[in-house]
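Student: So I've got this file, data-v9.json, and it contains JSON, C-alpha atoms:
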```
[["chain", "number", "residue", "atom", "x", "y", "z"],
["A", 1469, "MET", "CA", 56.02, 84.80, -21.08],
["A", 1470, "SER", "CA", 54.61, 85.87, -24.43],
["A", 1471, "LEU", "CA", 56.52, 83.56, -26.77],
["A", 1472, "ASP", "CA", 58.23, 80.17, -26.64],
["A", 1473, "VAL", "CA", 61.56, 81.25, -28.07],
["A", 1474, "SER", "CA", 63.86, 78.53, -29.36],
["A", 1475, "PRO", "CA", 67.56, 78.64, -28.46],
["A", 1476, "ALA", "CA", 68.38, 79.24, -32.15],
["A", 1477, "LEU", "CA", 66.07, 82.26, -32.37],
["A", 1478, "LEU", "CA", 67.39, 83.63, -29.11],
["A", 1479, "GLU", "CA", 70.93, 83.24, -30.49],
["A", 1480, "GLN", "CA", 69.90, 85.21, -33.60],
["A", 1481, "ALA", "CA", 68.57, 88.00, -31.38],
["A", 1482, "GLU", "CA", 71.74, 88.03, -29.30],
["A", 1483, "ARG", "CA", 73.79, 88.41, -32.50],
["A", 1484, "GLY", "CA", 71.53, 91.27, -33.56],
["A", 1485, "GLU", "CA", 70.17, 89.64, -36.70],
["A", 1486, "VAL", "CA", 66.68, 88.16, -36.47],
["A", 1487, "ASP", "CA", 65.10, 86.61, -39.53],
["A", 1488, "GLU", "CA", 61.51, 87.85, -39.54],
["A", 1489, "ALA", "CA", 60.23, 84.57, -41.00],
["A", 1490, "ASP", "CA", 61.72, 82.77, -37.99],
["A", 1491, "PHE", "CA", 60.10, 85.29, -35.66],
["A", 1492, "VAL", "CA", 56.72, 84.86, -37.39],
["A", 1493, "ASP", "CA", 57.04, 81.09, -37.05],
["A", 1494, "CYS", "CA", 57.75, 81.54, -33.34],
["A", 1495, "VAL", "CA", 54.58, 83.63, -33.04],
["A", 1496, "ARG", "CA", 52.59, 80.98, -34.97],
["A", 1497, "THR", "CA", 53.69, 78.17, -32.67],
["A", 1498, "SER", "CA", 53.57, 80.19, -29.44],
["A", 1499, "LEU", "CA", 50.18, 81.82, -29.98],
["A", 1500, "PRO", "CA", 48.15, 79.28, -31.99],
["A", 1501, "TYR", "CA", 44.72, 80.67, -31.11],
["A", 1502, "ALA", "CA", 45.70, 84.22, -32.12],
["A", 1503, "TRP", "CA", 47.40, 82.92, -35.26],
["A", 1504, "GLU", "CA", 44.34, 80.92, -36.30],
["A", 1505, "MET", "CA", 42.03, 83.86, -35.59],
["A", 1506, "ILE", "CA", 44.06, 86.24, -37.73],
["A", 1507, "SER", "CA", 44.65, 83.64, -40.46],
["A", 1508, "SER", "CA", 40.94, 82.90, -40.73],
["A", 1509, "LEU", "CA", 40.05, 86.60, -40.87],
["A", 1510, "VAL", "CA", 42.60, 87.16, -43.63],
["A", 1511, "ALA", "CA", 41.10, 84.25, -45.58],
["A", 1512, "GLN", "CA", 37.60, 85.61, -44.99],
["A", 1513, "LEU", "CA", 38.65, 89.04, -46.25],
["A", 1514, "LYS", "CA", 40.13, 87.52, -49.40],
["A", 1515, "VAL", "CA", 37.03, 85.41, -50.10],
["A", 1516, "ASP", "CA", 34.34, 87.92, -49.15],
["A", 1517, "GLY", "CA", 36.12, 91.10, -50.19],
["A", 1518, "GLY", "CA", 34.92, 94.31, -48.62],
["A", 1519, "ASN", "CA", 36.66, 96.78, -46.37],
["A", 1520, "PHE", "CA", 37.38, 94.46, -43.46],
["A", 1521, "ALA", "CA", 36.72, 91.14, -41.76],
["A", 1522, "ASP", "CA", 36.30, 90.88, -38.01],
["A", 1523, "ASN", "CA", 35.65, 88.44, -35.20],
["A", 1524, "GLN", "CA", 32.90, 89.12, -32.69],
["A", 1525, "THR", "CA", 32.97, 85.82, -30.82],
["A", 1526, "PRO", "CA", 34.73, 85.92, -27.44],
["A", 1527, "PRO", "CA", 37.65, 83.50, -26.99],
["A", 1528, "PRO", "CA", 36.74, 80.13, -25.46],
["A", 1529, "ASP", "CA", 38.94, 80.61, -22.39],
["A", 1530, "GLU", "CA", 41.44, 82.88, -20.67],
["A", 1531, "GLN", "CA", 44.42, 81.23, -22.37],
["A", 1532, "ALA", "CA", 43.02, 82.09, -25.80],
["A", 1533, "ARG", "CA", 42.13, 85.61, -24.67],
["A", 1534, "GLY", "CA", 45.67, 86.07, -23.40],
["A", 1535, "GLN", "CA", 47.09, 85.00, -26.74],
["A", 1536, "LEU", "CA", 45.07, 87.66, -28.56],
["A", 1537, "LEU", "CA", 46.14, 90.29, -26.06],
["A", 1538, "ARG", "CA", 49.82, 89.33, -26.34],
["A", 1539, "ALA", "CA", 49.73, 89.23, -30.14],
["A", 1540, "LEU", "CA", 48.00, 92.55, -30.59],
["A", 1541, "ALA", "CA", 49.48, 94.49, -27.69],
["A", 1542, "SER", "CA", 53.07, 93.88, -28.77],
["A", 1543, "ASP", "CA", 54.20, 96.30, -31.45],
["A", 1544, "ALA", "CA", 56.81, 93.80, -32.69],
["A", 1545, "ILE", "CA", 54.38, 90.87, -32.92],
["A", 1546, "ARG", "CA", 51.57, 92.94, -34.39],
["A", 1547, "GLY", "CA", 53.88, 94.53, -36.96],
["A", 1548, "ALA", "CA", 55.32, 91.17, -38.00],
["A", 1549, "LEU", "CA", 51.82, 89.71, -38.39],
["A", 1550, "GLN", "CA", 50.70, 92.68, -40.47],
["A", 1551, "ARG", "CA", 53.70, 92.35, -42.77],
["A", 1552, "HIS", "CA", 53.35, 88.56, -43.00],
["A", 1553, "PHE", "CA", 49.66, 88.63, -43.91],
["A", 1554, "GLY", "CA", 49.73, 91.91, -45.84],
["A", 1555, "VAL", "CA", 46.95, 93.52, -43.80],
["A", 1556, "ARG", "CA", 46.38, 96.15, -41.14],
["A", 1557, "LEU", "CA", 45.15, 94.81, -37.79],
["A", 1558, "ALA", "CA", 42.79, 96.54, -35.40],
["A", 1559, "PHE", "CA", 41.63, 95.42, -31.97],
["A", 1560, "GLN", "CA", 38.76, 96.28, -29.64],
["A", 1561, "ASN", "CA", 38.11, 94.92, -26.17],
["A", 1562, "CYS", "CA", 39.46, 91.47, -25.46],
["A", 1563, "HIS", "CA", 38.39, 89.67, -28.61],
["A", 1564, "ARG", "CA", 37.23, 91.83, -31.51],
["A", 1565, "VAL", "CA", 40.06, 91.52, -33.98],
["A", 1566, "ALA", "CA", 39.68, 92.99, -37.47],
["A", 1567, "VAL", "CA", 41.83, 92.82, -40.58],
["A", 1568, "PHE", "CA", 41.85, 95.58, -43.17],
["A", 1569, "PRO", "CA", 43.49, 95.68, -46.60],
["A", 1570, "LEU", "CA", 46.63, 97.77, -46.94],
["A", 1571, "ASP", "CA", 45.24, 99.96, -49.71],
["A", 1572, "ALA", "CA", 43.42, 103.20, -49.05],
["A", 1573, "SER", "CA", 40.00, 101.72, -49.90],
["A", 1574, "ALA", "CA", 39.53, 100.66, -46.28],
["A", 1575, "ASP", "CA", 40.86, 103.82, -44.61],
["A", 1576, "GLU", "CA", 37.41, 105.14, -43.70],
["A", 1577, "SER", "CA", 36.31, 101.79, -42.26],
["A", 1578, "LEU", "CA", 39.53, 101.49, -40.26],
["A", 1579, "THR", "CA", 39.11, 105.02, -38.92],
["A", 1580, "ARG", "CA", 35.53, 104.23, -37.81],
["A", 1581, "PHE", "CA", 36.58, 100.90, -36.25],
["A", 1582, "THR", "CA", 39.43, 102.44, -34.26],
["A", 1583, "SER", "CA", 37.58, 105.61, -33.25],
["A", 1584, "VAL", "CA", 36.50, 106.49, -29.73],
["A", 1585, "ARG", "CA", 32.90, 106.19, -30.94],
["A", 1586, "GLY", "CA", 33.59, 102.73, -32.35],
["A", 1587, "GLN", "CA", 35.11, 101.61, -29.07],
["A", 1588, "LEU", "CA", 32.17, 102.91, -27.06],
["A", 1589, "LEU", "CA", 29.62, 101.29, -29.36],
["A", 1590, "ASN", "CA", 31.38, 97.93, -28.95],
["A", 1591, "GLN", "CA", 30.81, 97.84, -25.18],
["A", 1592, "SER", "CA", 28.44, 95.54, -23.37],
["A", 1593, "PRO", "CA", 28.04, 94.28, -19.79],
["A", 1594, "GLU", "CA", 29.19, 90.80, -20.90],
["A", 1595, "LEU", "CA", 32.57, 92.24, -21.89],
["A", 1596, "ARG", "CA", 33.11, 94.17, -18.67],
["A", 1597, "ASP", "CA", 35.75, 91.82, -17.28],
["A", 1598, "CYS", "CA", 37.31, 90.58, -20.47]]
```
Please render this file's structure as structure tokens.
Tutor:
Amino acid sequence: MSLDVSPALLEQAERGEVDEADFVDCVRTSLPYAWEMISSLVAQLKVDGGNFADNQTPPPDEQARGQLLRALASDAIRGALQRHFGVRLAFQNCHRVAVFPLDASADESLTRFTSVRGQLLNQSPELRDC
């Protein structure tokens, strides 16, 4: 299961009205490693500036890796995180998460990061089974 959904949030979904702040809080509590990773990258981007901030350190264990995969593979979760943090998210392999500003200044960097070439250049034998 991707998220630990409270009965109250499930009830909201059944009624058809889900408060996005409640959904984001569910993501935060259900996927703490992914939340912390993205939060820290957003903070790094704000402090350092530039076109993007990214993580290149593999997760400490399979549980953490799974959290990143669930957060970034789900369109709903990824979209909610992007709106919450005011960034664009990109993902390579099993751990390389990057955050990009929303404005057009980072478009070229985002295009390079998400390109086929970028994906191929980010490969290594150590990441084969991630």
Student: Please list as a ChimeraX atom specification every residue within 12 Å of Lys1514 in chain A, counting all atoms listed in the file and excluding residues in the same chain fewer than 3 positions away.
Tutor: /A:1507-1511,1517-1521,1553-1555,1567-1569
Student: Take the residues from that selection and write them out as a PDB file, in the frame of the given file, keeping C-alpha atoms.
Tutor:
```
ATOM      1  CA  SER A1507      44.650  83.640 -40.460  1.00  0.00           C
ATOM      2  CA  SER A1508      40.940  82.900 -40.730  1.00  0.00           C
ATOM      3  CA  LEU A1509      40.050  86.600 -40.870  1.00  0.00           C
ATOM      4  CA  VAL A1510      42.600  87.160 -43.630  1.00  0.00           C
ATOM      5  CA  ALA A1511      41.100  84.250 -45.580  1.00  0.00           C
ATOM      6  CA  GLY A1517      36.120  91.100 -50.190  1.00  0.00           C
ATOM      7  CA  GLY A1518      34.920  94.310 -48.620  1.00  0.00           C
ATOM      8  CA  ASN A1519      36.660  96.780 -46.370  1.00  0.00           C
ATOM      9  CA  PHE A1520      37.380  94.460 -43.460  1.00  0.00           C
ATOM     10  CA  ALA A1521      36.720  91.140 -41.760  1.00  0.00           C
ATOM     11  CA  PHE A1553      49.660  88.630 -43.910  1.00  0.00           C
ATOM     12  CA  GLY A1554      49.730  91.910 -45.840  1.00  0.00           C
ATOM     13  CA  VAL A1555      46.950  93.520 -43.800  1.00  0.00           C
ATOM     14  CA  VAL A1567      41.830  92.820 -40.580  1.00  0.00           C
ATOM     15  CA  PHE A1568      41.850  95.580 -43.170  1.00  0.00           C
ATOM     16  CA  PRO A1569      43.490  95.680 -46.600  1.00  0.00           C
TER      17      PRO A1569
END
```
Student: Could you state the separation of CA of Asp1516 in chain A and CA of Ser1577 in chain A in Å, given to one decimal place?
Tutor: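 If I compute the distance from CA of Asp1516 in chain A to CA of Ser1577 in chain A, I get 15.6 Å.
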Student: Could you state the separation of CA of Met1505 in chain A and CA of Asp1490 in chain A in Å, given to one decimal place?
Tutor: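 Interatomic distance, CA of Met1505 in chain A to CA of Asp1490 in chain A: 19.9 Å.
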Student: Between A:Val1473, A:Val1492, A:Val1486, A:Ala1572, single out the one closest to Gln1550 in chain A, counting all atoms listed in the file.
Tutor: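 Closest candidate: A:Val1492.
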Student: Would you pick out the contacts of His1563 in chain A at 9 Å or less, using only C-alpha atoms, so that residues sharing its chain but fewer than 2 positions from it are not included, and give the list as a PyMOL selection string?
Tutor: chain A and resi 1523-1527+1533+1536-1537+1559-1561+1565+1598
Student: What is the distance between CA of Glu1485 in chain A and CA of Ala1541 in chain A, in Å to one decimal?
Tutor: 23.1 Å
Student: Could you tell me which of A:Leu1478, A:Ile1506, A:Ala1532, A:Ala1539 comes closest to Ala1566 in chain A if we count only C-alpha atoms?
Tutor: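 Of the candidates, the smallest distance to Ala1566 in chain A is held by A:Ile1506.
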Student: Out of A:Gln1535, A:Ala1544, A:Glu1482, A:Leu1570, which residue has the shortest atom-to-atom distance to Tyr1501 in chain A when counting all atoms listed in the file?
Tutor: A:Gln1535
Student: Between A:Ile1545, A:Pro1475, A:Val1515, A:Ala1558, single out the one closest to Trp1503 in chain A, counting only C-alpha atoms.
Tutor: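 Of all the options, A:Ile1545 lies closest to Trp1503 in chain A.
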Student: So which one's closest to Asp1493 in chain A, A:Gln1480, A:Ser1573, A:Ser1474, A:Ser1542? Using only C-alpha atoms, please.
Tutor: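 Once distances to Asp1493 in chain A are computed over only C-alpha atoms, the minimum belongs to A:Ser1474.
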Student: Where atoms are absent from range 1546-1563 of chain A, fill them in so it carries N, CA and C atoms, then output it as a CSV table (one decimal), keeping the file's coordinate frame.
Tutor:
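part.csv was written with the following content:
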```csv
chain,number,residue,atom,x,y,z
A,1546,ARG,N,52.6,92.4,-33.5
A,1546,ARG,CA,51.6,92.9,-34.4
A,1546,ARG,C,52.1,93.4,-35.7
A,1547,GLY,N,53.3,94.1,-35.7
A,1547,GLY,CA,53.9,94.5,-37.0
A,1547,GLY,C,54.3,93.4,-37.8
A,1548,ALA,N,54.9,92.3,-37.2
A,1548,ALA,CA,55.3,91.2,-38.0
A,1548,ALA,C,54.1,90.5,-38.6
A,1549,LEU,N,53.0,90.4,-37.9
A,1549,LEU,CA,51.8,89.7,-38.4
A,1549,LEU,C,51.2,90.5,-39.5
A,1550,GLN,N,51.2,91.8,-39.4
A,1550,GLN,CA,50.7,92.7,-40.5
A,1550,GLN,C,51.5,92.5,-41.7
A,1551,ARG,N,52.8,92.5,-41.6
A,1551,ARG,CA,53.7,92.4,-42.8
A,1551,ARG,C,53.5,91.0,-43.4
A,1552,HIS,N,53.5,89.9,-42.5
A,1552,HIS,CA,53.4,88.6,-43.0
A,1552,HIS,C,52.1,88.4,-43.8
A,1553,PHE,N,51.0,88.8,-43.3
A,1553,PHE,CA,49.7,88.6,-43.9
A,1553,PHE,C,49.3,89.7,-44.9
A,1554,GLY,N,50.0,90.8,-44.9
A,1554,GLY,CA,49.7,91.9,-45.8
A,1554,GLY,C,48.4,92.6,-45.5
A,1555,VAL,N,48.2,92.9,-44.3
A,1555,VAL,CA,47.0,93.5,-43.8
A,1555,VAL,C,47.3,94.5,-42.7
A,1556,ARG,N,46.3,95.3,-42.3
A,1556,ARG,CA,46.4,96.2,-41.1
A,1556,ARG,C,45.5,95.5,-40.1
A,1557,LEU,N,45.9,95.4,-38.9
A,1557,LEU,CA,45.2,94.8,-37.8
A,1557,LEU,C,44.6,95.9,-36.9
A,1558,ALA,N,43.4,95.7,-36.4
A,1558,ALA,CA,42.8,96.5,-35.4
A,1558,ALA,C,42.2,95.6,-34.3
A,1559,PHE,N,42.0,96.2,-33.1
A,1559,PHE,CA,41.6,95.4,-32.0
A,1559,PHE,C,40.7,96.2,-31.1
A,1560,GLN,N,39.6,95.7,-30.6
A,1560,GLN,CA,38.8,96.3,-29.6
A,1560,GLN,C,38.5,95.3,-28.5
A,1561,ASN,N,38.4,95.8,-27.3
A,1561,ASN,CA,38.1,94.9,-26.2
A,1561,ASN,C,39.1,93.8,-26.1
A,1562,CYS,N,38.6,92.6,-25.7
A,1562,CYS,CA,39.5,91.5,-25.5
A,1562,CYS,C,39.4,90.4,-26.6
A,1563,HIS,N,38.6,90.7,-27.6
A,1563,HIS,CA,38.4,89.7,-28.6
A,1563,HIS,C,38.1,90.2,-30.0
```
